[in-house]
Amino acid sequence: MDNATQQRVITLVAAGIAYLITHQLTERFIDIPEERGVKDDVLEAVLKGATTATSTILASIIVRRMFRS
């Protein structure tokens with residue numbers, strides 16, 4: 001598999017993983033207030049950044065292992 005195709009697959013898998021992680025985190029840890037404040041915005045930004053990084057790393061590992069042969 002060429003590098004461009006591998007990057008596309010990583011992007012698609014990362015999006016799926018990010019969706020699953022975000023869905024789980026939102027249900028468990030985030031209580032959406034009636035009026036959002038700076039603290040809520042910071043929490044959202046940190047969670048989005050952590051989710052993006054985690055999903056990209058996991059997707060890269062999964063895809064590289066799948067297409068190692």
# chains A, B, ... in the order shown; residues from 1 in each chain; ligands from 1
$ select_by_dssp --residues "chain A" --states "alpha helix (DSSP H)" --output "compact mmCIF listing (two decimals) with N, CA, C and O atoms, in the first residue's frame"
# COMPACT_ATOMS: atom_id res chain seq x y z
N ASN A 3 1.97 5.27 0.49
CA ASN A 3 1.88 6.16 1.65
C ASN A 3 0.61 7.01 1.64
O ASN A 3 -0.02 7.21 2.68
N ALA A 4 0.21 7.50 0.48
CA ALA A 4 -0.99 8.35 0.40
C ALA A 4 -2.24 7.57 0.79
O ALA A 4 -3.09 8.07 1.53
N THR A 5 -2.35 6.35 0.31
CA THR A 5 -3.50 5.51 0.66
C THR A 5 -3.50 5.19 2.14
O THR A 5 -4.54 5.23 2.80
N GLN A 6 -2.34 4.90 2.67
CA GLN A 6 -2.22 4.60 4.09
C GLN A 6 -2.65 5.80 4.93
O GLN A 6 -3.36 5.64 5.92
N GLN A 7 -2.28 6.99 4.54
CA GLN A 7 -2.67 8.20 5.26
C GLN A 7 -4.19 8.41 5.21
O GLN A 7 -4.80 8.84 6.19
N ARG A 8 -4.80 8.12 4.07
CA ARG A 8 -6.26 8.25 3.96
C ARG A 8 -6.97 7.27 4.89
O ARG A 8 -7.94 7.62 5.55
N VAL A 9 -6.47 6.03 4.92
CA VAL A 9 -7.08 5.03 5.80
C VAL A 9 -6.90 5.43 7.26
O VAL A 9 -7.84 5.31 8.06
N ILE A 10 -5.74 5.94 7.62
CA ILE A 10 -5.50 6.40 8.99
C ILE A 10 -6.49 7.51 9.35
O ILE A 10 -7.05 7.52 10.44
N THR A 11 -6.71 8.43 8.44
CA THR A 11 -7.64 9.54 8.69
C THR A 11 -9.06 9.02 8.92
O THR A 11 -9.74 9.47 9.86
N LEU A 12 -9.50 8.08 8.12
CA LEU A 12 -10.85 7.53 8.27
C LEU A 12 -10.99 6.75 9.58
O LEU A 12 -11.99 6.90 10.29
N VAL A 13 -10.01 5.92 9.89
CA VAL A 13 -10.06 5.15 11.13
C VAL A 13 -10.00 6.09 12.34
O VAL A 13 -10.72 5.90 13.33
N ALA A 14 -9.16 7.12 12.27
CA ALA A 14 -9.04 8.09 13.36
C ALA A 14 -10.37 8.81 13.60
O ALA A 14 -10.75 9.06 14.75
N ALA A 15 -11.07 9.13 12.53
CA ALA A 15 -12.37 9.80 12.68
C ALA A 15 -13.36 8.89 13.41
O ALA A 15 -14.11 9.35 14.28
N GLY A 16 -13.37 7.62 13.07
CA GLY A 16 -14.25 6.68 13.74
C GLY A 16 -13.91 6.51 15.21
O GLY A 16 -14.79 6.53 16.08
N ILE A 17 -12.62 6.39 15.51
CA ILE A 17 -12.18 6.26 16.89
C ILE A 17 -12.51 7.53 17.67
O ILE A 17 -12.98 7.47 18.81
N ALA A 18 -12.27 8.68 17.07
CA ALA A 18 -12.57 9.96 17.74
C ALA A 18 -14.05 10.07 18.07
O ALA A 18 -14.41 10.53 19.15
N TYR A 19 -14.90 9.63 17.14
CA TYR A 19 -16.33 9.67 17.40
C TYR A 19 -16.68 8.81 18.61
O TYR A 19 -17.43 9.24 19.50
N LEU A 20 -16.15 7.60 18.66
CA LEU A 20 -16.45 6.70 19.77
C LEU A 20 -15.95 7.25 21.10
O LEU A 20 -16.65 7.22 22.11
N ILE A 21 -14.72 7.76 21.11
CA ILE A 21 -14.15 8.32 22.34
C ILE A 21 -14.96 9.52 22.80
O ILE A 21 -15.30 9.65 23.98
N THR A 22 -15.27 10.42 21.88
CA THR A 22 -16.01 11.63 22.23
C THR A 22 -17.39 11.28 22.78
O THR A 22 -17.83 11.86 23.77
N HIS A 23 -18.04 10.33 22.15
CA HIS A 23 -19.37 9.92 22.61
C HIS A 23 -19.30 9.38 24.04
O HIS A 23 -20.12 9.74 24.88
N GLN A 24 -18.32 8.54 24.33
CA GLN A 24 -18.17 7.97 25.66
C GLN A 24 -17.83 9.05 26.70
O GLN A 24 -18.39 9.07 27.80
N LEU A 25 -16.91 9.94 26.37
CA LEU A 25 -16.50 10.99 27.31
C LEU A 25 -17.64 11.96 27.60
O LEU A 25 -17.83 12.39 28.73
N THR A 26 -18.38 12.30 26.56
CA THR A 26 -19.47 13.25 26.73
C THR A 26 -20.52 12.71 27.68
O THR A 26 -21.00 13.42 28.56
N GLU A 27 -20.88 11.46 27.51
CA GLU A 27 -21.91 10.87 28.36
C GLU A 27 -21.45 10.73 29.81
O GLU A 27 -22.23 10.87 30.73
N ARG A 28 -20.17 10.46 30.02
CA ARG A 28 -19.68 10.17 31.38
C ARG A 28 -19.22 11.40 32.15
O ARG A 28 -19.41 11.49 33.36
N PHE A 29 -18.54 12.33 31.49
CA PHE A 29 -17.83 13.37 32.24
C PHE A 29 -18.33 14.78 32.04
O PHE A 29 -17.96 15.67 32.80
N VAL A 38 -16.01 30.17 30.74
CA VAL A 38 -14.65 29.94 30.23
C VAL A 38 -14.17 28.53 30.61
O VAL A 38 -13.54 27.83 29.81
N LYS A 39 -14.49 28.11 31.83
CA LYS A 39 -14.08 26.78 32.29
C LYS A 39 -14.64 25.69 31.37
O LYS A 39 -13.93 24.73 31.02
N ASP A 40 -15.88 25.83 30.96
CA ASP A 40 -16.51 24.85 30.06
C ASP A 40 -15.82 24.85 28.69
O ASP A 40 -15.61 23.79 28.09
N ASP A 41 -15.46 26.03 28.20
CA ASP A 41 -14.78 26.13 26.92
C ASP A 41 -13.39 25.50 26.98
O ASP A 41 -12.97 24.81 26.05
N VAL A 42 -12.69 25.72 28.08
CA VAL A 42 -11.35 25.14 28.24
C VAL A 42 -11.45 23.62 28.32
O VAL A 42 -10.68 22.90 27.68
N LEU A 43 -12.40 23.11 29.08
CA LEU A 43 -12.60 21.66 29.20
C LEU A 43 -12.91 21.05 27.84
O LEU A 43 -12.34 20.01 27.47
N GLU A 44 -13.76 21.69 27.07
CA GLU A 44 -14.10 21.19 25.74
C GLU A 44 -12.87 21.17 24.83
O GLU A 44 -12.64 20.20 24.11
N ALA A 45 -12.07 22.22 24.86
CA ALA A 45 -10.88 22.29 24.02
C ALA A 45 -9.86 21.22 24.40
O ALA A 45 -9.28 20.57 23.53
N VAL A 46 -9.66 21.01 25.71
CA VAL A 46 -8.72 19.98 26.16
C VAL A 46 -9.20 18.60 25.76
O VAL A 46 -8.42 17.78 25.26
N LEU A 47 -10.47 18.33 25.93
CA LEU A 47 -11.01 17.02 25.55
C LEU A 47 -10.93 16.78 24.04
O LEU A 47 -10.58 15.69 23.60
N LYS A 48 -11.21 17.80 23.26
CA LYS A 48 -11.11 17.66 21.80
C LYS A 48 -9.67 17.41 21.37
O LYS A 48 -9.41 16.56 20.51
N GLY A 49 -8.73 18.13 21.97
CA GLY A 49 -7.32 17.93 21.63
C GLY A 49 -6.84 16.54 22.02
O GLY A 49 -6.16 15.86 21.24
N ALA A 50 -7.19 16.11 23.22
CA ALA A 50 -6.78 14.78 23.68
C ALA A 50 -7.43 13.69 22.84
O ALA A 50 -6.78 12.69 22.50
N THR A 51 -8.67 13.87 22.48
CA THR A 51 -9.38 12.89 21.65
C THR A 51 -8.74 12.79 20.27
O THR A 51 -8.52 11.69 19.76
N THR A 52 -8.43 13.93 19.67
CA THR A 52 -7.82 13.94 18.35
C THR A 52 -6.46 13.25 18.38
O THR A 52 -6.16 12.41 17.52
N ALA A 53 -5.64 13.58 19.34
CA ALA A 53 -4.31 12.98 19.44
C ALA A 53 -4.41 11.48 19.68
O ALA A 53 -3.73 10.68 19.01
N THR A 54 -5.24 11.07 20.60
CA THR A 54 -5.39 9.65 20.93
C THR A 54 -5.91 8.86 19.74
O THR A 54 -5.38 7.79 19.42
N SER A 55 -6.93 9.37 19.08
CA SER A 55 -7.51 8.63 17.96
C SER A 55 -6.54 8.52 16.79
O SER A 55 -6.47 7.48 16.13
N THR A 56 -5.76 9.56 16.54
CA THR A 56 -4.78 9.52 15.45
C THR A 56 -3.68 8.51 15.74
O THR A 56 -3.28 7.74 14.86
N ILE A 57 -3.20 8.50 16.97
CA ILE A 57 -2.15 7.54 17.35
C ILE A 57 -2.67 6.11 17.25
O ILE A 57 -2.01 5.23 16.68
N LEU A 58 -3.86 5.86 17.80
CA LEU A 58 -4.43 4.51 17.73
C LEU A 58 -4.68 4.08 16.29
O LEU A 58 -4.39 2.94 15.92
N ALA A 59 -5.22 4.97 15.48
CA ALA A 59 -5.48 4.63 14.08
C ALA A 59 -4.19 4.32 13.34
O ALA A 59 -4.13 3.36 12.56
N SER A 60 -3.16 5.07 13.59
CA SER A 60 -1.88 4.83 12.95
C SER A 60 -1.33 3.46 13.32
O SER A 60 -0.86 2.71 12.46
N ILE A 61 -1.40 3.12 14.59
CA ILE A 61 -0.91 1.81 15.04
C ILE A 61 -1.73 0.69 14.40
O ILE A 61 -1.17 -0.29 13.90
N ILE A 62 -3.05 0.83 14.41
CA ILE A 62 -3.93 -0.20 13.85
C ILE A 62 -3.66 -0.41 12.36
O ILE A 62 -3.49 -1.53 11.89
N VAL A 63 -3.60 0.68 11.61
CA VAL A 63 -3.41 0.59 10.15
C VAL A 63 -2.03 0.01 9.83
O VAL A 63 -1.91 -0.84 8.95
N ARG A 64 -1.02 0.45 10.52
CA ARG A 64 0.33 -0.07 10.24
C ARG A 64 0.41 -1.57 10.53
O ARG A 64 1.05 -2.31 9.81
N ARG A 65 -0.24 -2.01 11.58
CA ARG A 65 -0.23 -3.45 11.90
C ARG A 65 -1.06 -4.25 10.89
O ARG A 65 -0.70 -5.37 10.54
N MET A 66 -2.16 -3.68 10.43
CA MET A 66 -3.01 -4.38 9.46
C MET A 66 -2.31 -4.57 8.12
O MET A 66 -2.44 -5.59 7.49
